[in-house]
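Heads up: the structure comes next, in structure tokens.
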Amino acid sequence: MSILSFGVKVTRNIYIRVNHDTSVIEMDDTKRFGVSIPKELLKEFDEKLEEKMYANRSEAIRDLIRDFLVEEEWEKTDEEVYGSMTIVYDHEKRGLSDKLTELQHQDHTNIISTMHIHLDRHNCMETMVIKGNSEDIKKIADKLRSTKGVKHGKLTMTSV
Ligand code: NI
């Protein structure tokens, strides 16, 4: 496997250790470190960056690191956080709409809002805003995602 190396600048208050290959060099208030990555993976990454209109790799990696750190915050907090859960399902599937409505009623104290969009003749998308501690939110999201017939489910959490 061929490995490429490139440098990444992050702000000073974010310190990460990717692996033993990572070297950290201080530059003013940013640090530069090297990352080794399989050539093919980097190629895919670069293509995505272009799609997402990132100016450079550093900017994209900073975003990824921030996302990762925010996610870690949710994991340990007992405080109230908010999540948005989006699911896609076929409403013609027998009993599925009722089942999903029932699940949402069970957790009505956490699920504070639901938006329903009819995507096409068959498919529906629902986005729910869920509040609670991160564990409760994840449990509710897992329940919805794992309901038979739900094609796709994605949870995004955020904290203030
Ligand atoms: Ni619908």
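Lettering and numbering for the structure tokens are positional, with chains as A, B, ... in the shown order, residues counted from 1 in each chain, and ligands counted from 1 in the shown order.
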Checklist line | Selection as a PyMOL selection string: residues within 6 Å of ligand 1 by only C-alpha atoms and all ligand atoms | finding: chain A and resi 117-118+124
Note to self: Which residues are near A:Leu103? Cut-off 12 Å, only C-alpha atoms, ignore same chain within fewer than 6 positions. Put them as a PyMOL selection string.
What the structure shows: chain A and resi 96-97+109-111+128+139-147
Got a sec: who's within 7 Å of stretch 67-79 of chain A, counting only C-alpha atoms, leaving out chain neighbours fewer than 4 positions off, as a JSON list (two decimals) with N, CA and C atoms, in the first residue's frame?
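This went into result.json:
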[["chain", "number", "residue", "atom", "x", "y", "z"],
["A", 63, "ASP", "N", -12.25, 21.13, 10.34],
["A", 63, "ASP", "CA", -13.68, 20.88, 10.54],
["A", 63, "ASP", "C", -13.93, 19.48, 11.09],
["A", 133, "ASN", "N", -30.67, 14.18, 27.53],
["A", 133, "ASN", "CA", -29.23, 13.94, 27.63],
["A", 133, "ASN", "C", -28.81, 13.06, 26.45],
["A", 134, "SER", "N", -27.52, 13.03, 26.17],
["A", 134, "SER", "CA", -27.07, 12.40, 24.93],
["A", 134, "SER", "C", -27.45, 10.93, 24.86]]
Residues of stretch 77-113 of chain A classed as alpha helix (DSSP H) by DSSP on the backbone are to be reported as a PDB file with N, CA and C atoms, in the first residue's frame.
ATOM      1  N   LEU A  96     -46.011   0.479   9.033  1.00  0.00           N
ATOM      2  CA  LEU A  96     -44.788   1.218   9.392  1.00  0.00           C
ATOM      3  C   LEU A  96     -45.081   2.648   9.873  1.00  0.00           C
ATOM      4  N   SER A  97     -45.923   3.371   9.175  1.00  0.00           N
ATOM      5  CA  SER A  97     -46.242   4.737   9.594  1.00  0.00           C
ATOM      6  C   SER A  97     -46.808   4.748  11.014  1.00  0.00           C
ATOM      7  N   ASP A  98     -47.727   3.798  11.282  1.00  0.00           N
ATOM      8  CA  ASP A  98     -48.333   3.710  12.615  1.00  0.00           C
ATOM      9  C   ASP A  98     -47.284   3.412  13.673  1.00  0.00           C
ATOM     10  N   LYS A  99     -46.406   2.505  13.339  1.00  0.00           N
ATOM     11  CA  LYS A  99     -45.358   2.101  14.276  1.00  0.00           C
ATOM     12  C   LYS A  99     -44.459   3.303  14.615  1.00  0.00           C
ATOM     13  N   LEU A 100     -44.103   4.068  13.592  1.00  0.00           N
ATOM     14  CA  LEU A 100     -43.220   5.218  13.809  1.00  0.00           C
ATOM     15  C   LEU A 100     -43.931   6.309  14.605  1.00  0.00           C
ATOM     16  N   THR A 101     -45.218   6.475  14.343  1.00  0.00           N
ATOM     17  CA  THR A 101     -45.987   7.454  15.117  1.00  0.00           C
ATOM     18  C   THR A 101     -46.067   7.013  16.572  1.00  0.00           C
ATOM     19  N   GLU A 102     -46.306   5.730  16.775  1.00  0.00           N
ATOM     20  CA  GLU A 102     -46.385   5.173  18.133  1.00  0.00           C
ATOM     21  C   GLU A 102     -45.062   5.404  18.891  1.00  0.00           C
ATOM     22  N   LEU A 103     -43.951   5.132  18.229  1.00  0.00           N
ATOM     23  CA  LEU A 103     -42.638   5.341  18.868  1.00  0.00           C
ATOM     24  C   LEU A 103     -42.450   6.801  19.271  1.00  0.00           C
ATOM     25  N   GLN A 104     -42.888   7.696  18.396  1.00  0.00           N
ATOM     26  CA  GLN A 104     -42.712   9.122  18.694  1.00  0.00           C
ATOM     27  C   GLN A 104     -43.596   9.556  19.858  1.00  0.00           C
ATOM     28  N   HIS A 105     -44.779   8.945  19.961  1.00  0.00           N
ATOM     29  CA  HIS A 105     -45.651   9.273  21.094  1.00  0.00           C
ATOM     30  C   HIS A 105     -45.079   8.747  22.400  1.00  0.00           C
ATOM     31  N   GLN A 106     -44.447   7.588  22.339  1.00  0.00           N
ATOM     32  CA  GLN A 106     -43.813   7.022  23.539  1.00  0.00           C
ATOM     33  C   GLN A 106     -42.772   7.987  24.114  1.00  0.00           C
TER      34      GLN A 106
END
Checklist line | Spatial neighbours of A:Val81, max dist 6 Å, only C-alpha atoms, sep filter under 6 positions, as number ranges by chain | finding: A: 131-133, 159
Take the residues that were just selected and, keeping C-alpha atoms, output them as a PDB file, in the first residue's frame.
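Full text of out.pdb as output:
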ATOM      1  CA  LYS A 131     -33.942  17.057  23.432  1.00  0.00           C
ATOM      2  CA  GLY A 132     -32.536  15.307  26.454  1.00  0.00           C
ATOM      3  CA  ASN A 133     -29.226  13.944  27.626  1.00  0.00           C
ATOM      4  CA  SER A 159     -24.957  21.488  22.234  1.00  0.00           C
TER       5      SER A 159
END
Check: Which residues, written as a ChimeraX atom specification, have at least one atom at most 10 Å from A:Asn123, with only C-alpha atoms counted and residues fewer than 5 positions away on the same chain left out?
Finding: /A:88-93,117-118,151
Next item on the list: Could you give me the residues within stretch 19-93 of chain A that DSSP places in strand (DSSP E), as a list of chain:residue names?
Entry: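 Put together, the selection reads A:Val24, A:Ile25, A:Glu26, A:Met27, A:Thr30, A:Lys31, A:Arg32, A:Phe33, A:Gly34, A:Val35, A:Ser36, A:Ile37, A:Pro38, A:Val81, A:Tyr82, A:Gly83, A:Ser84, A:Met85, A:Thr86, A:Ile87, A:Val88, A:Tyr89, A:Asp90.
The residue that comes closest to A:Leu49, out of A:Leu64, A:Met125, A:Val150, A:Met85 and on the basis of only C-alpha atoms, is A:Leu64.
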